[in-house]
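First comes the structure, then the notes that go with it.
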Amino acid sequence: MHDSLTPLSGFVLLFNMCVGEVIFGGVGAGLITLLVNAVLTMFIVGLMIGRSPEFLAKKLEPFEMLMAVICVLATPMSVLIFGCIAVVTSTGLSSLNNLGPHGISEILYAFASTSGNNGSAFAGLNAGTVFYTLTTSLSMLVGRLTTIIPVLAIAGSLAKKKFVPVGSATFTTDVPLFVWLLIGVVVLVGGLTYFPVLTLGPILEHFFMGMGKTF
Amino acid sequence: MTESKNTIWDPALFLTAFKDSIIKLNPLTLYKNPVMLVVEIGSVITTLVTINSIFSGEAYFFNFQITLWLWFTVIFSNFAESLAEGRSKAQAESLQKTRTETVANKLLSNGSIEQISATSLRKGDFVLVGEHETIPCDGQIVEGSALLDESAITGESAAVLREFGGDKDAVTIGTKVISGNVKVKITANPGDTFLDHMIAMVESAHRQKTPSEVALEILLIGLTVVFVVVIVTLVGFSRYLNISIPLTVLISLLVCLMPTTIGALLPAIGISGMERLVRNNVIAVSGRAIEAAGDVDVVLLDKTGTITLGNRIASEFIPDDGVDENLLAEVAFLSSITDETPEGRSIVTLAKNKLGVRGRDIQIPEGAIFVPFSVQTRISGIDYENVEIRKGAYDAIEKFIKERNGTFSLKIKQVFEMISKAGGTPLIVVKNNKTLGIVYLKDIIKEGIKERLSQLRKLGIKSIMITGDNPLTAATIARESGVDDFVAEAKPEMKLQLIRDYQKKGHLVAMIGDGTNDAPALAQADVGVAMNAGTQAAREASNMVDLDSNPTKLISIVEIGKQILITRGSLTTFSVANDISKYFAIVPAMFSIQYPVLNTLNLMQLGTPHSAVLSAIIFNAIIIPMLIPLSLKGVEYRAVQAEKLLRGNMLVYGVGGLVLPFICIKGIDMLLMSLHLV
């Protein structure tokens, strides 16, 4: 399975799940994260053009912001915390077939997938133990609920708000600039939260592979 | 207030701000800024680590330097806030000087006068203020008139006439009576006057956070929490790979990643925005109003005093067919003799000129009853014996004359249309049911109003002129001044209705007004700006007061509102974009000792792991004071299309924030290496 991918290919799979499935494959849930990232983008956009932020002709206020922040940041936090518990406990480590940086990839993948994807494994990790059954189940709960509840809350709160008419000072989202900014926010939020751990996982493994050392 | 226009680099201000920034290290005050509180906790930990390494005889120089720069980060942040506060306080103090101990002549209910201290006055009290005395508290003139020196609050040295009745009855604490005597009803308790509001506003303790400021703080706290988790879990992941990361390095990475730049400057941005407003001689009752000002997209302007030069002046009498001009002048004079409106006075003046000496001879007929102007009838005049003399607008007089079976002559209609088309105001004069002629009132459009209105349009704000004039007159003035839309024949209720209609459609409406009848509309508007020269009722209903009474001030208010948001947004983007380079400085430094292959990520080719961490933390600290001037002045706002504005700001603060730290960190690293500090 994925276990035999080159480190950088594994990195791409991991990164896609880590940023919240915003590109292909993330049916439903991917749209959720993308919309919430759009909320974050439009918040910054609003500030930078000197208007109190709005998205889809509705004002973005502290409540939407709180929900968006929970939605975008809770999953990475759960992946990192569960992953960390796994690598520091002997029970967690005993499931690993491969050590070194590849082990980090395997563990990260397990929790990223249960949190945001279909719960598939990178292979090479025996997830059939009590420890992994419990932790991955928990991460699944955290990952799903902290995405679904805040996004429904945002939807409900926005639906209640009145429309802000589009004027000449409004920034509309149907321009290329918005797409670039949205990509920027997705990559930046994902990148900043996962960069150190991805460095120790697939990136380090990639450099080792270049030196002829594999795990 | 003019003397308080201090610069950023006032040394006295600097010193106080520096002292203040040390005092603010107290975590009990710092908790209001959670981002900086985390930095302070980090600083305390590295301090302990450093002390420990000194006593245990280990190498401590690196830890010591990190600790130093972490403390600097917190101090710089406090300094930014203190400096902004200091500048505001300087403004406030110059205002407070006007509140010297004043003795008030309180009028007791039995008619006698008691001398009491101004501070013991209460709302609803009556005081007498005579020549060379100071107004003891905010109030409303209920008797008399006076020439006031308001330079203490407006900086304008020209004296201002305030009088009972009309729309100039408000007096402000601290202003001085040059001549005249007035009886004033106190409308605010001491501590609750405009000056107090202003002083409270500029002092950050009372500053209410605006919704977008709260939202931004949530984002910043969210990022801080996630970075704490990233760092803590990193300990576990790196231990698994047999990497041990020193505590000081971990804390350095955390501080570098946290949005410290914006976190440090956020309070300063808000305070200085308020201060810029005060510097423009505008008092805002809440910070919310300033932010709302940046969002305003519809503005209601009263024609009179805003678009046209105050009052209309009678310039000509045009008699009806077969009517002597002198007769018209005489009747017009009679109809206006008690009319205290500026228009009425100008008719009296013109009639006296026209009639020469005879003007003095006109006697007010005995038993005459004056019919004052009312907004509902829009007609005024005088009744005596069986004669009814009226003057008023076309439709109002038409209604009046129809009720008495009269009609308008062709000439009246023609002259009326001619004057209306020329943008003037025709006042039709009738005696019983017969028209005598028309008084031509001229409106003079303010100089430069057209440019200002086009500026508003560029800001995306639609301007709507409101006038009691007939549609023809209104259209002419609208065309000449360049307003986007106008409402003619408007009654006061219509302003309120109009604002509600626009608000229902989701617009944010600003309204500028001065009269008592504007008060409901000012209260309903999202941003209500009252002219200081206006009535007390208008001032109380509004959420901003323009001390200069300059209606086009709205443009500055809107710009300041937008500037605050742009500055916050730009610095947030800058702060987050900075993180990428810091990762590339610190992450290789943390891991490359154990795994030298990871030095490939050391894109900047920084000298040693220690110099990399130190360079990043130094950059992170000194960028704060470097950006203080920007956050105090605000990012410049240009009235261009939203997309263009965004692209420009993203280029400077987004891309700039990405690239600049790479260069700076490399520079600092080279400096550190050459000085052998690491």
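Ordering of the structure tokens sets the chain letters (A, B, ...), residue numbers begin anew at 1 in every chain, and ligands are numbered from 1 in the order given.
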Report task. Dump as number ranges by chain the residues of chain B that approach chain A to within 7 Å, counting only C-alpha atoms. Result -> B: 211-212, 214-215, 218-219, 222, 226-227, 229-230, 233-234, 236-237, 240-241, 294-295, 459-460, 506-507, 562-563, 565-566, 568-570, 587, 597-598, 641-643, 645-646, 649
Since we have the selection now, will you write its residues out, keeping N, CA and C atoms, as a CSV table (one decimal), in the first residue's frame?
```csv
chain,number,residue,atom,x,y,z
B,211,PRO,N,-16.0,44.7,17.2
B,211,PRO,CA,-16.2,43.3,16.8
B,211,PRO,C,-15.0,42.7,16.0
B,212,SER,N,-14.5,43.4,15.0
B,212,SER,CA,-13.5,42.8,14.2
B,212,SER,C,-12.2,42.7,15.0
B,214,VAL,N,-12.1,41.9,18.2
B,214,VAL,CA,-12.3,40.7,19.0
B,214,VAL,C,-12.1,39.5,18.1
B,215,ALA,N,-12.6,39.5,16.9
B,215,ALA,CA,-12.5,38.4,15.9
B,215,ALA,C,-11.0,38.2,15.6
B,218,ILE,N,-9.3,36.5,18.5
B,218,ILE,CA,-9.7,35.0,18.5
B,218,ILE,C,-8.7,34.3,17.6
B,219,LEU,N,-8.5,34.8,16.4
B,219,LEU,CA,-7.6,34.2,15.4
B,219,LEU,C,-6.2,34.1,16.0
B,222,GLY,N,-6.1,31.6,18.8
B,222,GLY,CA,-6.1,30.3,18.2
B,222,GLY,C,-4.8,29.8,17.6
B,226,VAL,N,-2.4,26.7,18.9
B,226,VAL,CA,-2.0,25.6,18.0
B,226,VAL,C,-0.4,25.6,18.0
B,227,PHE,N,0.2,26.7,18.1
B,227,PHE,CA,1.7,26.7,18.0
B,227,PHE,C,2.3,26.1,19.3
B,229,VAL,N,0.8,23.7,21.0
B,229,VAL,CA,0.6,22.3,20.8
B,229,VAL,C,1.7,21.7,19.8
B,230,VAL,N,2.0,22.5,18.7
B,230,VAL,CA,3.0,22.1,17.8
B,230,VAL,C,4.4,21.9,18.5
B,233,THR,N,4.2,18.9,21.2
B,233,THR,CA,4.3,17.6,20.6
B,233,THR,C,5.6,17.3,19.9
B,234,LEU,N,6.2,18.4,19.4
B,234,LEU,CA,7.5,18.3,18.8
B,234,LEU,C,8.5,17.6,19.7
B,236,GLY,N,8.0,15.3,21.8
B,236,GLY,CA,7.8,13.8,21.7
B,236,GLY,C,8.3,13.3,20.4
B,237,PHE,N,8.0,13.9,19.3
B,237,PHE,CA,8.4,13.4,18.0
B,237,PHE,C,9.9,13.3,17.9
B,240,TYR,N,11.6,10.6,19.9
B,240,TYR,CA,11.5,9.3,19.2
B,240,TYR,C,12.7,9.1,18.2
B,241,LEU,N,13.1,10.3,17.7
B,241,LEU,CA,14.3,10.2,16.7
B,241,LEU,C,15.6,10.5,17.4
B,294,GLY,N,-15.9,53.1,8.7
B,294,GLY,CA,-15.2,52.5,7.6
B,294,GLY,C,-16.0,51.7,6.7
B,295,ASP,N,-17.2,51.3,7.1
B,295,ASP,CA,-18.1,50.5,6.4
B,295,ASP,C,-19.3,51.2,5.7
B,459,LEU,N,-14.7,56.3,-2.5
B,459,LEU,CA,-14.6,55.4,-1.3
B,459,LEU,C,-15.8,54.4,-1.3
B,460,GLY,N,-16.6,54.5,-2.3
B,460,GLY,CA,-17.7,53.5,-2.4
B,460,GLY,C,-18.9,54.0,-1.6
B,506,GLY,N,-29.7,46.7,4.1
B,506,GLY,CA,-28.4,46.2,4.6
B,506,GLY,C,-27.3,47.3,4.5
B,507,HIS,N,-27.7,48.5,4.1
B,507,HIS,CA,-26.7,49.5,4.0
B,507,HIS,C,-26.3,50.1,5.4
B,562,LYS,N,-11.3,53.0,8.1
B,562,LYS,CA,-10.7,52.0,7.2
B,562,LYS,C,-9.2,51.8,7.5
B,563,GLN,N,-8.5,52.9,7.8
B,563,GLN,CA,-7.1,52.8,8.1
B,563,GLN,C,-6.8,51.8,9.2
B,565,LEU,N,-8.6,49.3,10.2
B,565,LEU,CA,-8.8,47.9,9.8
B,565,LEU,C,-7.6,47.4,8.9
B,566,ILE,N,-7.2,48.3,8.0
B,566,ILE,CA,-6.2,47.9,7.0
B,566,ILE,C,-4.9,47.7,7.8
B,568,ARG,N,-4.5,46.7,10.9
B,568,ARG,CA,-4.6,45.4,11.6
B,568,ARG,C,-4.4,44.3,10.6
B,569,GLY,N,-5.1,44.3,9.5
B,569,GLY,CA,-5.0,43.2,8.5
B,569,GLY,C,-3.6,43.1,8.0
B,570,SER,N,-3.0,44.2,7.6
B,570,SER,CA,-1.7,44.2,7.0
B,570,SER,C,-0.7,43.6,7.9
B,587,VAL,N,14.1,25.3,12.3
B,587,VAL,CA,13.9,23.9,12.2
B,587,VAL,C,15.2,23.2,11.8
B,597,VAL,N,21.8,15.8,7.4
B,597,VAL,CA,21.1,15.9,6.1
B,597,VAL,C,20.1,17.0,6.1
B,598,LEU,N,19.5,17.3,7.2
B,598,LEU,CA,18.5,18.3,7.3
B,598,LEU,C,19.0,19.7,7.1
B,641,GLN,N,-10.3,50.8,-6.3
B,641,GLN,CA,-11.1,49.6,-6.3
B,641,GLN,C,-10.6,48.6,-5.3
B,642,ALA,N,-11.5,47.9,-4.6
B,642,ALA,CA,-11.2,46.9,-3.6
B,642,ALA,C,-10.1,46.0,-4.0
B,643,GLU,N,-10.2,45.4,-5.2
B,643,GLU,CA,-9.3,44.4,-5.6
B,643,GLU,C,-7.9,45.0,-5.8
B,645,LEU,N,-6.7,47.6,-4.2
B,645,LEU,CA,-6.2,47.9,-2.9
B,645,LEU,C,-5.6,46.7,-2.2
B,646,LEU,N,-6.4,45.6,-2.4
B,646,LEU,CA,-6.0,44.3,-1.8
B,646,LEU,C,-4.7,43.8,-2.4
B,649,ASN,N,-1.8,45.9,-1.0
B,649,ASN,CA,-1.4,45.6,0.3
B,649,ASN,C,-0.9,44.2,0.5
```
**Report entry** Expected answer as a PyMOL selection string: alpha helix (DSSP H) residues in stretch 14-193 of chain A
**Finding:** chain A and resi 14-18+29-48+62-88+90-94+101-116+130-160+176-193
Report task. Considering only C-alpha atoms, return as a ChimeraX atom specification whatever protein or nucleic-acid residues lie within 8 Å of A:Met140, sequence-local ones (same chain, fewer than 4 positions apart) excluded. Result -> /A:111,114-116,136,144
Would you put the residues from that selection into a file with C-alpha atoms, as a PDB file, in the first residue's frame?
```pdb
ATOM      1  CA  PHE A 111      -4.426   9.806  12.890  1.00  0.00           C
ATOM      2  CA  THR A 114      -9.106   8.783  10.990  1.00  0.00           C
ATOM      3  CA  SER A 115      -9.582  12.477  11.784  1.00  0.00           C
ATOM      4  CA  GLY A 116     -10.320  13.735   8.330  1.00  0.00           C
ATOM      5  CA  THR A 136      -7.946   6.372  16.424  1.00  0.00           C
ATOM      6  CA  ARG A 144     -15.391  14.901  12.755  1.00  0.00           C
TER       7      ARG A 144
END
```
Query raised in the report: Between atom CA of B:Val235 and atom CA of B:Val44, what is the spacing in Å?
Result: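 Taking atom CA of B:Val44 as the start and atom CA of B:Val235 as the end point, the length is 19.7 Å.
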Query - Gap from atom CA of B:Thr175 to atom CA of B:Glu131 - Å, one decimal - result: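 Straight-line distance from atom CA of B:Thr175 to atom CA of B:Glu131 works out to 11.7 Å.
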Query raised in the report: Interatomic distance between atom CA of B:Phe164 and atom CA of B:Gly144?
Result: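 Pair atom CA of B:Phe164 / atom CA of B:Gly144 returns 5.8 Å.
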